[in-house]
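Colleague: Before I ask anything, let me first share the structure, which is written out below as structure tokens.
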Protein chains: 2
Amino acid sequence: MTLTDWPTITDELAHLDLITDPTGVAKLSLDYYHFSPILEKKLQDKRGNLVIRPVNESEVLQIAKTCVKHKVPLTVRGAGTGNYGQCIPLEGGIILDTTKMNQIRWIKPGLACVEPGVKMAAFDKKAREIGWELRMAPSTYRTATIGGFIGGGSVGMGSITYGQLRDRGSLRAVRVVTLEDEPRILELRGDEVQKVNHAYGTNGIITELEIPLAPAHPWVELIVVFDEFMTAARFGQALGDSDGIVKKLVSIHAWPIPSYFTALESYLPKGKHCAFVMIADYDLEPFQDLVKEYNGQVTYQKTPQEASKGTSLLEFTWNHTTLLARSIDPNLTYLQTFYFTLERVEQMYHHFGDEAMIHLEFLRFHGKAIPAGLQLIRFTTEERLNEIIRYHEEQGAGIANPHTYILEDGGRKVIDLDQVCFKEKVDPYGLMNPGKMRGWLEREKA
Amino acid sequence: MTLTDWPTITDELAHLDLITDPTGVAKLSLDYYHFSPILEKKLQDKRGNLVIRPVNESEVLQIAKTCVKHKVPLTVRGAGTGNYGQCIPLEGGIILDTTKMNQIRWIKPGLACVEPGVKMAAFDKKAREIGWELRMAPSTYRTATIGGFIGGGSVGMGSITYGQLRDRGSLRAVRVVTLEDEPRILELRGDEVQKVNHAYGTNGIITELEIPLAPAHPWVELIVVFDEFMTAARFGQALGDSDGIVKKLVSIHAWPIPSYFTALESYLPKGKHCAFVMIADYDLEPFQDLVKEYNGQVTYQKTPQEASKGTSLLEFTWNHTTLLARSIDPNLTYLQTFYFTLERVEQMYHHFGDEAMIHLEFLRFHGKAIPAGLQLIRFTTEERLNEIIRYHEEQGAGIANPHTYILEDGGRKVIDLDQVCFKEKVDPYGLMNPGKMRGWLEREKA
């Protein structure tokens with residue numbers, strides 16, 4: 001072990017936008033891992049040594065060169081809105097903040113090319129000028145960056161139509177800067193992008209992305225309430241399966257989750273279960289017939305114009321649900337679950353009762369609308385949390401564990417050899433976001 | 001029985017556009033029922049007495065009044081491109097040809113309002129001026145009318161995204177003229193439209209329709225060929241399930257079906273199975289990766305501009321496949337099958353061999369992409385045809401029998417009480433397209 005020569009490094013990069021003061025560095029060493037009491041314990045003291053905010057690819061190349069020269073860890077971050085410590089610098093080092101690389105290269109019908117630091121909502125504002133928008137986005141849409149979502153996200157608003165980020169077509173091309181002795185710029189297109197898609201930035205520094213767009217329909221935002229939770233869940237499935245109704249969001253909340261949405265209190269009758277949805281305004285009439293069929297009651301309806309001014313219902317769904325609930329009860333944590341079927345949802349609803357309050361987001365999974373869960377869990381111990389996870393898995397549900405910062409242990413559970421091999425090539429010294437990729441760690445041990 | 005006083009009727013309606021000469025009337029007493037040797041035998045001598053081509057709703061009201069006064073059967077037709085005798089006048093009478101009611105009332109983003117005789121391709125040409133098009137259309141798109149498709153159609157190009165015509169949302173509103181003693185105009189909206197949707201014109205004369213639209217993507221047309229039929233079928237399913245690829249047509253043809261497409265001979269290698277598809281041009285790159293995954297070979301690719309000029313691949317798919325094959329071998333007939341699963345497709349493929357050549361059209365059925373079949377059958381006898389149908393049903397496939405002109409015996413098999421009750425109200429004398437609705441015939445017997 002040699003000590004890192006920080007004064008020299010800082011000197012070499014002095015012409016760039018650096019943050020060296022401990023408060024600033026500490027702030028940019030965080031994400032929303034505190035959603036998990038397990039991660040909180042493990043990650044709370046992790047700090048980078050230096051933050052750099054490059055403004056273009058050529059600056060990224062300089063940073064890469066310095067990192068390799070000094071064998072310094074490098075962790076890339078966007079807005080830091082992830083929840084699993086995706087961008088927490090486990091071994092310190094340089095934090096590369098992409099938020100100043102925020103140029104939109106071009107937008108044309110169906111496709112766009114952007115730098116990684118472009119904020120999603122800001123992008124959509126521009127894309128809508130020609131009638132398009134992002135196919136999917138997380139509830140942190142207003143602040144999250146496109147590069148951050150690709151690096152650490154997986155699904156979101158829009159997934160009920162366009163599926164998951166990892167699906168073929170959700171990302172078209174990426175440019176990455178390597179951490180080789182002589183850093184290079186590589187462009188990956190088509191299926192090749194999977195080598196860096198959702199790899200937590202362990203596989204090269206993304207400097208440009210080509211992404212697909214969706215027609216920007218005028219979205220009406222509605223809340224529908226139901227007496228029975230399973231009726232709300234069935235309504236969500238039926239809406240997901242309604243090919244004649246164009247939609248962007250189908251979010252179902254078992255009572256008492258709505259009680260955490262204090263800003264919407266007047267629309268959420270006590271004891272009722274609710275659906276938060278976004279529907280294309282020209283499909284409102286068949287939507288209302290569907291609501292009638294399920295004996296739902298619309299308590300809130302905003303036109304696309306109204307919705308674009310105030311707070312979007314999006315900010316009560318996906319992981320904003322968790323955020324809002326935890327702001328009232330910090331003992332809550334959450335799970336991420338592929339229930340796949342409503343039968344399994346119902347069984348879990350009865351089995352866990354109040355301990356796991358069910359929050360469903362419907363999304364397309366290989367062409368089928370399925371209920372995914374972001375259940376709110378009343379946390380007691382790590383053992384109990386693991387027991388809950390185990391029970392779900394035994395019953396056939398898939399858990400994308402949000403209580404681990406290890407890439408493979410979160411979602412897919414298996415090591416992606418393509419990603420590991422690609423990392424060998426672009427990051428031979430293992431400097432990028434070290435400690436996150438199990439496939440790499442096990443290779444090092446072997 | 002009293003004899004119909006045709007001279008008086010003709011006199012009463014003399015100010016309208018009438019066709020009385022037998023050749024003209026005979027021509028407008030046909031559709032494509034000759035696809036079925038069973039229907040051919042039953043329907044070939046059916047003729048109306050008089051054809052009327054009203055130009056607006058007020059003329060329709062006059063026709064309705066005369067029909068009721070003289071208790072004359074009335075059969076409504078569009079372009080007559082149906083295949084099951086939907087518009088064949090079983091009991092003669094007046095044929096109301098809607099093709100002159102071809103005004104587009106309005107087109108706005110997502111929705112349009114039209115008269116029934118508007119031709120689908122002509123409509124799309126107008127709608128595309130503001131970036132929209134019909135959500136679904138049959139292969140007879142160039143000549144078929146919107147009213148005819150609603151009255152007698154069910155699925156088509158576009159159904160891989162937007163599902164079936166009977167799905168909630170596929171038809172928003174209809175105006176119908178009743179055949180009561182004092183004919184009235186009724187407007188049905190929302191779920192109420194199901195009372196006349198796909199009722200073969202037995203339930204009031206449609207004079208106006210409100211329909212949903214889809215964004216008009218620039219569609220690339222491609223042919224992909226495969227060595228193995230089941231690989232082609234699996235490719236079709238995978239494309240149907242690809243949420244990241246926007247598509248409009250997924251049509252799979254087992255060899256020797258491609259041998260009937262003589263105009264495309266040079267793109268269809270002997271012995272190979274093929275897929276005819278339409279893909280949004282901005283999704284071509286992920287589409288090509290999918291082709292590669294299934295070892296397909298693209299032999300034909302037309303840009304949206306090229307495709308809009310020449311013959312569209314659409315005109316080799318859906319029931320145009322049947323049309324083209326029968327033009328070469330008139331002993332061929334066909335079936336319409338919901339296989340639901342690829343396992344069932346494979347089983348049938350091996351079971352029937354050359355007797356039932358498999359032609360699949362993928363469509364969304366309650367939110368899931370499923371393989372539907374328009375198999376070409378080498379016809380021998382009616383008994384054998386029924387045996388083939390029975391075998392499919394025993395194996396769990398759904399047959400929408402195209403060898404019957406009875407509404408309920410084709411698709412749903414069950415009597416739609418809402419439609420029967422609505423008919424009691426709007427057509428108390430049972431004058432509209434008599435002999436087609438089993439629910440009505442059984443009520444008469446009871």
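Residue names in the structure tokens use chain letters A, B, ... in the order shown, residue numbers from 1 in each chain, and ligand numbers from 1 in the order shown.
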Contacts of A:Ser29 at 9 Å or less, counting only C-alpha atoms, minus same-chain residues fewer than 5 places along, as a PyMOL selection string?
Modeller: chain A and resi 24+46-48+51+77+80+87-89+92+95
Colleague: Keeping only all heavy atoms, write the selected residues as a short mmCIF file (atom, residue, chain, number, x, y, z; two decimals), in the first residue's frame.
Modeller:
data_model
loop_
_atom_site.label_atom_id
_atom_site.label_comp_id
_atom_site.auth_asym_id
_atom_site.auth_seq_id
_atom_site.Cartn_x
_atom_site.Cartn_y
_atom_site.Cartn_z
N GLY A 24 -18.48 20.00 1.51
CA GLY A 24 -18.91 19.82 0.12
C GLY A 24 -18.70 18.40 -0.35
O GLY A 24 -19.57 17.81 -1.00
N LYS A 46 -18.81 6.60 4.71
CA LYS A 46 -18.02 6.55 3.46
C LYS A 46 -17.97 7.94 2.82
O LYS A 46 -18.99 8.57 2.61
CB LYS A 46 -18.65 5.56 2.46
CG LYS A 46 -18.81 4.15 3.00
CD LYS A 46 -17.48 3.51 3.36
CE LYS A 46 -17.69 2.12 3.95
NZ LYS A 46 -16.47 1.61 4.61
N ARG A 47 -16.76 8.37 2.54
CA ARG A 47 -16.57 9.70 1.95
C ARG A 47 -15.52 9.63 0.84
O ARG A 47 -14.55 8.87 0.95
CB ARG A 47 -16.03 10.70 2.99
CG ARG A 47 -16.95 10.97 4.17
CD ARG A 47 -18.18 11.80 3.75
NE ARG A 47 -19.06 12.04 4.88
CZ ARG A 47 -20.07 11.24 5.25
NH1 ARG A 47 -20.33 10.14 4.56
NH2 ARG A 47 -20.82 11.54 6.29
N GLY A 48 -15.73 10.42 -0.19
CA GLY A 48 -14.68 10.59 -1.19
C GLY A 48 -13.63 11.56 -0.66
O GLY A 48 -13.81 12.17 0.41
N VAL A 51 -14.04 16.00 -5.06
CA VAL A 51 -15.10 15.96 -6.07
C VAL A 51 -14.65 16.78 -7.27
O VAL A 51 -14.09 17.87 -7.10
CB VAL A 51 -16.42 16.54 -5.51
CG1 VAL A 51 -17.49 16.57 -6.59
CG2 VAL A 51 -16.89 15.75 -4.29
N ARG A 77 -21.10 9.99 -10.19
CA ARG A 77 -22.45 10.21 -9.67
C ARG A 77 -23.19 11.21 -10.55
O ARG A 77 -22.59 12.06 -11.21
CB ARG A 77 -22.42 10.68 -8.22
CG ARG A 77 -21.81 12.05 -8.01
CD ARG A 77 -21.88 12.46 -6.53
NE ARG A 77 -23.14 13.03 -6.15
CZ ARG A 77 -23.87 12.65 -5.10
NH1 ARG A 77 -23.45 11.67 -4.32
NH2 ARG A 77 -25.01 13.23 -4.81
N GLY A 80 -27.36 11.80 -7.43
CA GLY A 80 -27.31 11.08 -6.15
C GLY A 80 -28.68 10.75 -5.59
O GLY A 80 -28.90 10.76 -4.39
N CYS A 87 -23.72 5.07 -5.73
CA CYS A 87 -22.61 5.97 -6.00
C CYS A 87 -21.85 6.37 -4.73
O CYS A 87 -21.23 7.43 -4.66
CB CYS A 87 -23.10 7.20 -6.77
SG CYS A 87 -24.20 8.24 -5.81
N ILE A 88 -21.94 5.53 -3.71
CA ILE A 88 -21.19 5.82 -2.48
C ILE A 88 -19.75 5.33 -2.66
O ILE A 88 -19.52 4.17 -2.99
CB ILE A 88 -21.85 5.14 -1.26
CG1 ILE A 88 -23.30 5.58 -1.13
CG2 ILE A 88 -21.06 5.45 0.03
CD1 ILE A 88 -23.53 7.07 -1.15
N PRO A 89 -18.77 6.21 -2.42
CA PRO A 89 -17.37 5.84 -2.64
C PRO A 89 -16.85 4.98 -1.49
O PRO A 89 -16.32 5.50 -0.50
CB PRO A 89 -16.66 7.19 -2.69
CG PRO A 89 -17.52 8.10 -1.86
CD PRO A 89 -18.92 7.61 -1.97
N GLY A 92 -13.25 5.66 -0.88
CA GLY A 92 -12.82 7.05 -1.05
C GLY A 92 -12.40 7.33 -2.47
O GLY A 92 -12.93 6.76 -3.42
N ILE A 95 -14.61 11.62 -6.68
CA ILE A 95 -16.02 11.56 -7.07
C ILE A 95 -16.17 12.42 -8.31
O ILE A 95 -15.84 13.61 -8.29
CB ILE A 95 -16.92 12.07 -5.93
CG1 ILE A 95 -16.88 11.04 -4.79
CG2 ILE A 95 -18.34 12.29 -6.43
CD1 ILE A 95 -17.54 11.52 -3.53
#
Colleague: Which residues, written as a ChimeraX atom specification, have at least one atom at most 9 Å from B:Tyr334, with only C-alpha atoms counted and residues fewer than 5 positions away on the same chain left out?
Modeller: /B:35-36,322,356,374-379,402-403
Colleague: Generate a file of the selected residues that holds N, CA and C atoms, formatted as a CSV table (one decimal), in the first residue's frame.
Modeller:
chain,number,residue,atom,x,y,z
B,35,PHE,N,-64.3,-17.2,-49.8
B,35,PHE,CA,-63.1,-17.8,-49.1
B,35,PHE,C,-63.6,-19.1,-48.4
B,36,SER,N,-64.9,-19.3,-48.2
B,36,SER,CA,-65.4,-20.5,-47.5
B,36,SER,C,-66.2,-21.3,-48.5
B,322,THR,N,-54.8,-15.1,-47.3
B,322,THR,CA,-55.8,-16.1,-47.8
B,322,THR,C,-56.2,-15.8,-49.3
B,356,ALA,N,-52.9,-28.0,-42.9
B,356,ALA,CA,-53.2,-26.7,-42.3
B,356,ALA,C,-51.8,-25.9,-42.3
B,374,LEU,N,-54.4,-17.6,-39.0
B,374,LEU,CA,-55.3,-17.6,-40.1
B,374,LEU,C,-54.8,-18.7,-41.1
B,375,GLN,N,-54.8,-19.9,-40.5
B,375,GLN,CA,-54.2,-21.0,-41.3
B,375,GLN,C,-54.9,-21.2,-42.6
B,376,LEU,N,-54.1,-21.6,-43.6
B,376,LEU,CA,-54.6,-22.0,-44.9
B,376,LEU,C,-54.9,-23.5,-44.8
B,377,ILE,N,-56.1,-23.9,-45.1
B,377,ILE,CA,-56.6,-25.3,-45.0
B,377,ILE,C,-56.8,-25.8,-46.5
B,378,ARG,N,-56.2,-27.0,-46.7
B,378,ARG,CA,-56.5,-27.7,-48.0
B,378,ARG,C,-57.8,-28.4,-47.8
B,379,PHE,N,-58.8,-27.8,-48.5
B,379,PHE,CA,-60.2,-28.2,-48.3
B,379,PHE,C,-60.5,-29.5,-49.0
B,402,PRO,N,-64.9,-18.9,-39.5
B,402,PRO,CA,-65.2,-18.1,-40.6
B,402,PRO,C,-66.1,-18.8,-41.6
B,403,HIS,N,-66.7,-19.9,-41.2
B,403,HIS,CA,-67.5,-20.7,-42.2
B,403,HIS,C,-69.0,-20.6,-41.7
Colleague: Would you kindly return, as a count of residues only, each protein, DNA or RNA residue with an atom no farther than 10 Å from any atom of A:Arg412, considering only C-alpha atoms and excluding same-chain residues fewer than 2 positions away?
Modeller: 11
Colleague: Pull out every residue of chain B that has at least one atom within 8 Å of chain A, counting only C-alpha atoms, and report them as an mmCIF file with N, CA and C atoms, in the first residue's frame.
Modeller:
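Just written: result_32.cif:
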data_model
loop_
_atom_site.group_PDB
_atom_site.id
_atom_site.type_symbol
_atom_site.label_atom_id
_atom_site.label_comp_id
_atom_site.auth_asym_id
_atom_site.auth_seq_id
_atom_site.Cartn_x
_atom_site.Cartn_y
_atom_site.Cartn_z
ATOM 1 N N PRO B 109 -55.916 15.598 -32.078
ATOM 2 C CA PRO B 109 -54.959 14.635 -31.521
ATOM 3 C C PRO B 109 -55.685 13.533 -30.737
ATOM 4 N N GLY B 110 -55.485 12.293 -31.142
ATOM 5 C CA GLY B 110 -56.006 11.148 -30.395
ATOM 6 C C GLY B 110 -57.409 10.714 -30.746
ATOM 7 N N LEU B 111 -58.188 11.557 -31.391
ATOM 8 C CA LEU B 111 -59.595 11.235 -31.643
ATOM 9 C C LEU B 111 -60.066 11.796 -32.978
ATOM 10 N N THR B 161 -50.371 -3.694 -30.887
ATOM 11 C CA THR B 161 -50.200 -2.660 -29.864
ATOM 12 C C THR B 161 -51.539 -2.304 -29.193
ATOM 13 N N TYR B 162 -52.590 -2.195 -29.984
ATOM 14 C CA TYR B 162 -53.846 -1.655 -29.448
ATOM 15 C C TYR B 162 -54.941 -2.685 -29.211
ATOM 16 N N GLY B 163 -54.642 -3.977 -29.417
ATOM 17 C CA GLY B 163 -55.613 -5.013 -29.099
ATOM 18 C C GLY B 163 -56.731 -5.141 -30.109
ATOM 19 N N ASP B 167 -62.256 -4.320 -27.578
ATOM 20 C CA ASP B 167 -61.704 -3.848 -26.309
ATOM 21 C C ASP B 167 -62.253 -2.470 -25.968
ATOM 22 N N ARG B 168 -62.395 -2.252 -24.697
ATOM 23 C CA ARG B 168 -62.837 -0.933 -24.230
ATOM 24 C C ARG B 168 -61.877 0.132 -24.753
ATOM 25 N N GLY B 169 -62.439 1.134 -25.394
ATOM 26 C CA GLY B 169 -61.617 2.236 -25.890
ATOM 27 C C GLY B 169 -61.431 2.216 -27.399
ATOM 28 N N SER B 170 -61.654 1.065 -28.041
ATOM 29 C CA SER B 170 -61.398 0.982 -29.486
ATOM 30 C C SER B 170 -62.462 1.702 -30.310
ATOM 31 N N ARG B 172 -65.374 4.907 -29.526
ATOM 32 C CA ARG B 172 -65.764 5.818 -28.453
ATOM 33 C C ARG B 172 -67.236 6.192 -28.457
ATOM 34 N N GLY B 190 -69.092 5.498 -24.817
ATOM 35 C CA GLY B 190 -68.420 4.644 -23.820
ATOM 36 C C GLY B 190 -68.831 3.193 -23.977
ATOM 37 N N ASP B 191 -68.958 2.483 -22.842
ATOM 38 C CA ASP B 191 -69.288 1.056 -22.889
ATOM 39 C C ASP B 191 -70.580 0.777 -23.650
ATOM 40 N N PRO B 212 -60.699 6.321 -31.699
ATOM 41 C CA PRO B 212 -59.415 6.779 -31.158
ATOM 42 C C PRO B 212 -58.325 6.667 -32.217
ATOM 43 N N PRO B 215 -50.456 7.678 -32.536
ATOM 44 C CA PRO B 215 -49.422 8.496 -33.180
ATOM 45 C C PRO B 215 -48.994 7.809 -34.482
ATOM 46 N N GLY B 240 -43.400 -9.404 -30.354
ATOM 47 C CA GLY B 240 -44.648 -8.970 -29.699
ATOM 48 C C GLY B 240 -44.415 -8.577 -28.246
ATOM 49 N N ASP B 241 -43.492 -9.268 -27.588
ATOM 50 C CA ASP B 241 -43.211 -9.018 -26.166
ATOM 51 C C ASP B 241 -42.149 -7.943 -25.949
ATOM 52 N N SER B 242 -41.571 -7.410 -27.032
ATOM 53 C CA SER B 242 -40.484 -6.435 -26.889
ATOM 54 C C SER B 242 -41.048 -5.044 -26.624
ATOM 55 N N ASP B 243 -41.097 -4.669 -25.348
ATOM 56 C CA ASP B 243 -41.688 -3.380 -24.977
ATOM 57 C C ASP B 243 -40.872 -2.205 -25.502
ATOM 58 N N GLY B 244 -39.612 -2.454 -25.807
ATOM 59 C CA GLY B 244 -38.739 -1.382 -26.278
ATOM 60 C C GLY B 244 -38.756 -1.191 -27.791
ATOM 61 N N ILE B 245 -39.599 -1.945 -28.504
ATOM 62 C CA ILE B 245 -39.678 -1.821 -29.960
ATOM 63 C C ILE B 245 -41.127 -1.537 -30.348
ATOM 64 N N TYR B 282 -37.385 4.630 -35.798
ATOM 65 C CA TYR B 282 -36.382 4.892 -34.751
ATOM 66 C C TYR B 282 -36.094 3.663 -33.887
ATOM 67 N N ASP B 283 -36.844 2.581 -34.092
ATOM 68 C CA ASP B 283 -36.591 1.357 -33.314
ATOM 69 C C ASP B 283 -35.959 0.267 -34.168
ATOM 70 N N GLU B 285 -32.834 -0.237 -34.905
ATOM 71 C CA GLU B 285 -31.575 -0.788 -34.386
ATOM 72 C C GLU B 285 -31.836 -1.933 -33.391
ATOM 73 N N PRO B 286 -32.658 -1.725 -32.364
ATOM 74 C CA PRO B 286 -32.951 -2.879 -31.494
ATOM 75 C C PRO B 286 -33.667 -4.006 -32.249
ATOM 76 N N ASP B 289 -31.109 -6.193 -33.764
ATOM 77 C CA ASP B 289 -30.485 -7.061 -32.755
ATOM 78 C C ASP B 289 -31.367 -8.270 -32.447
ATOM 79 N N ARG B 364 -52.487 -8.208 -29.476
ATOM 80 C CA ARG B 364 -52.649 -8.120 -28.021
ATOM 81 C C ARG B 364 -54.051 -8.569 -27.641
ATOM 82 N N HIS B 366 -56.156 -8.865 -24.217
ATOM 83 C CA HIS B 366 -56.158 -8.482 -22.799
ATOM 84 C C HIS B 366 -54.751 -8.211 -22.270
ATOM 85 N N GLY B 367 -54.004 -7.449 -23.035
ATOM 86 C CA GLY B 367 -52.705 -6.990 -22.564
ATOM 87 C C GLY B 367 -51.528 -7.884 -22.906
ATOM 88 N N LYS B 368 -51.785 -9.051 -23.456
ATOM 89 C CA LYS B 368 -50.666 -9.961 -23.757
ATOM 90 C C LYS B 368 -50.588 -10.221 -25.256
ATOM 91 N N ALA B 369 -49.362 -10.257 -25.778
ATOM 92 C CA ALA B 369 -49.182 -10.590 -27.191
ATOM 93 C C ALA B 369 -49.394 -12.087 -27.357
#
Colleague: I need the strand (DSSP E) residues of stretch 264-334 of chain A per DSSP on the backbone, written as a PDB file with C-alpha atoms, in the first residue's frame.
Modeller:
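This is the output file selection17.pdb:
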ATOM      1  CA  HIS A 273     -57.087   2.232  -0.825  1.00  0.00           C
ATOM      2  CA  CYS A 274     -56.050   4.253  -3.826  1.00  0.00           C
ATOM      3  CA  ALA A 275     -54.712   4.291  -7.344  1.00  0.00           C
ATOM      4  CA  PHE A 276     -52.558   7.138  -8.696  1.00  0.00           C
ATOM      5  CA  VAL A 277     -52.619   7.126 -12.476  1.00  0.00           C
ATOM      6  CA  MET A 278     -51.608   9.073 -15.564  1.00  0.00           C
ATOM      7  CA  ILE A 279     -53.825   8.596 -18.621  1.00  0.00           C
ATOM      8  CA  ALA A 280     -53.653  10.145 -22.107  1.00  0.00           C
ATOM      9  CA  GLN A 297     -64.331   6.802  -7.092  1.00  0.00           C
ATOM     10  CA  VAL A 298     -62.290   9.531  -8.771  1.00  0.00           C
ATOM     11  CA  THR A 299     -61.391  12.064  -6.061  1.00  0.00           C
ATOM     12  CA  TYR A 300     -58.725  14.034  -7.913  1.00  0.00           C
ATOM     13  CA  GLN A 301     -58.321  14.912 -11.560  1.00  0.00           C
ATOM     14  CA  LYS A 302     -55.890  17.408 -13.060  1.00  0.00           C
ATOM     15  CA  LEU A 332     -40.192   2.392   7.897  1.00  0.00           C
ATOM     16  CA  THR A 333     -38.098   0.783   5.247  1.00  0.00           C
ATOM     17  CA  TYR A 334     -39.055  -0.986   2.024  1.00  0.00           C
TER      18      TYR A 334
END
Colleague: Going by DSSP on the backbone, which bits of stretch 123-272 of chain B are helix (DSSP H, G or I)? Write them as a PyMOL selection string, please.
Modeller: chain B and resi 123-130+146-152+159-162+190-195+229-241+257-260+262-267
Colleague: Mind dumping the selected residues with C-alpha atoms as a JSON list (two decimals), in the first residue's frame?
Modeller:
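See out35.json below for the written result:
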[["chain", "number", "residue", "atom", "x", "y", "z"],
["B", 123, "PHE", "CA", -58.79, 8.77, -43.56],
["B", 124, "ASP", "CA", -55.19, 8.07, -42.53],
["B", 125, "LYS", "CA", -53.91, 10.32, -45.29],
["B", 126, "LYS", "CA", -55.83, 13.20, -43.70],
["B", 127, "ALA", "CA", -55.04, 12.22, -40.11],
["B", 128, "ARG", "CA", -51.31, 11.99, -40.83],
["B", 129, "GLU", "CA", -51.33, 15.69, -41.70],
["B", 130, "ILE", "CA", -51.55, 16.27, -37.94],
["B", 146, "ILE", "CA", -64.46, 2.57, -41.10],
["B", 147, "GLY", "CA", -68.13, 1.76, -40.51],
["B", 148, "GLY", "CA", -67.74, -1.62, -42.19],
["B", 149, "PHE", "CA", -64.72, -2.47, -40.04],
["B", 150, "ILE", "CA", -66.64, -1.57, -36.86],
["B", 151, "GLY", "CA", -69.72, -3.49, -38.00],
["B", 152, "GLY", "CA", -68.00, -6.62, -39.21],
["B", 159, "SER", "CA", -53.68, -4.91, -32.96],
["B", 160, "ILE", "CA", -50.20, -5.96, -31.78],
["B", 161, "THR", "CA", -50.20, -2.66, -29.86],
["B", 162, "TYR", "CA", -53.85, -1.65, -29.45],
["B", 190, "GLY", "CA", -68.42, 4.64, -23.82],
["B", 191, "ASP", "CA", -69.29, 1.06, -22.89],
["B", 192, "GLU", "CA", -72.75, 1.57, -24.42],
["B", 193, "VAL", "CA", -71.21, 1.30, -27.90],
["B", 194, "GLN", "CA", -70.83, -2.45, -27.39],
["B", 195, "LYS", "CA", -74.56, -2.73, -28.17],
["B", 229, "PHE", "CA", -40.83, -22.40, -38.72],
["B", 230, "MET", "CA", -40.84, -22.49, -34.93],
["B", 231, "THR", "CA", -37.89, -20.09, -34.86],
["B", 232, "ALA", "CA", -39.96, -17.68, -36.95],
["B", 233, "ALA", "CA", -42.91, -18.17, -34.58],
["B", 234, "ARG", "CA", -40.72, -17.59, -31.52],
["B", 235, "PHE", "CA", -39.26, -14.51, -33.15],
["B", 236, "GLY", "CA", -42.82, -13.22, -33.63],
["B", 237, "GLN", "CA", -43.63, -13.80, -29.97],
["B", 238, "ALA", "CA", -40.39, -12.15, -28.86],
["B", 239, "LEU", "CA", -41.09, -9.14, -31.05],
["B", 240, "GLY", "CA", -44.65, -8.97, -29.70],
["B", 241, "ASP", "CA", -43.21, -9.02, -26.17],
["B", 257, "ILE", "CA", -47.33, -19.97, -47.79],
["B", 258, "PRO", "CA", -44.59, -17.60, -49.02],
["B", 259, "SER", "CA", -44.70, -19.44, -52.37],
["B", 260, "TYR", "CA", -48.11, -17.86, -52.99],
["B", 262, "THR", "CA", -45.40, -14.29, -56.35],
["B", 263, "ALA", "CA", -44.88, -10.52, -56.43],
["B", 264, "LEU", "CA", -42.31, -10.91, -53.64],
["B", 265, "GLU", "CA", -40.67, -14.06, -55.00],
["B", 266, "SER", "CA", -37.15, -12.64, -55.04],
["B", 267, "TYR", "CA", -37.28, -11.86, -51.29]]
Colleague: Excluding same-chain residues fewer than 6 positions from B:Pro73, what lies within 6 Å of it counting only C-alpha atoms, as an MDAnalysis selection string?
Modeller: chainID B and resid 93 431:432
Colleague: Quick one: distance from atom CA of A:Gly153 to atom CA of A:Pro116 in Å, one decimal?
Modeller: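 Result for atom CA of A:Gly153 versus atom CA of A:Pro116: 13.3 Å, one decimal.
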Colleague: Would you mind telling me which residue in A:Gln347, A:Ser139, A:Thr178, A:Asn197 lies nearest to A:Leu313 when using only C-alpha atoms?
Modeller: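 Comparing A:Gln347, A:Ser139, A:Thr178, A:Asn197 against A:Leu313, the winner is A:Ser139.
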Colleague: Got a sec: who's within 9 Å of A:Glu180, counting only C-alpha atoms, leaving out chain neighbours fewer than 5 positions off, as a VMD selection string?
Modeller: chain A and resid 64 to 65 68 425 to 429
Colleague: Okay, now the selection with C-alpha atoms, as a tab-separated table (two decimals), in the first residue's frame?
Modeller:
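Output file out-v5.tsv follows:
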chain	number	residue	atom	x	y	z
A	64	ALA	CA	-9.30	9.27	-16.10
A	65	LYS	CA	-5.62	9.69	-16.88
A	68	VAL	CA	-4.93	5.59	-13.56
A	425	LYS	CA	-10.75	-4.33	-20.56
A	426	VAL	CA	-11.83	-0.80	-19.65
A	427	ASP	CA	-10.86	-0.77	-15.97
A	428	PRO	CA	-7.95	-3.20	-15.62
A	429	TYR	CA	-6.92	-1.77	-12.24
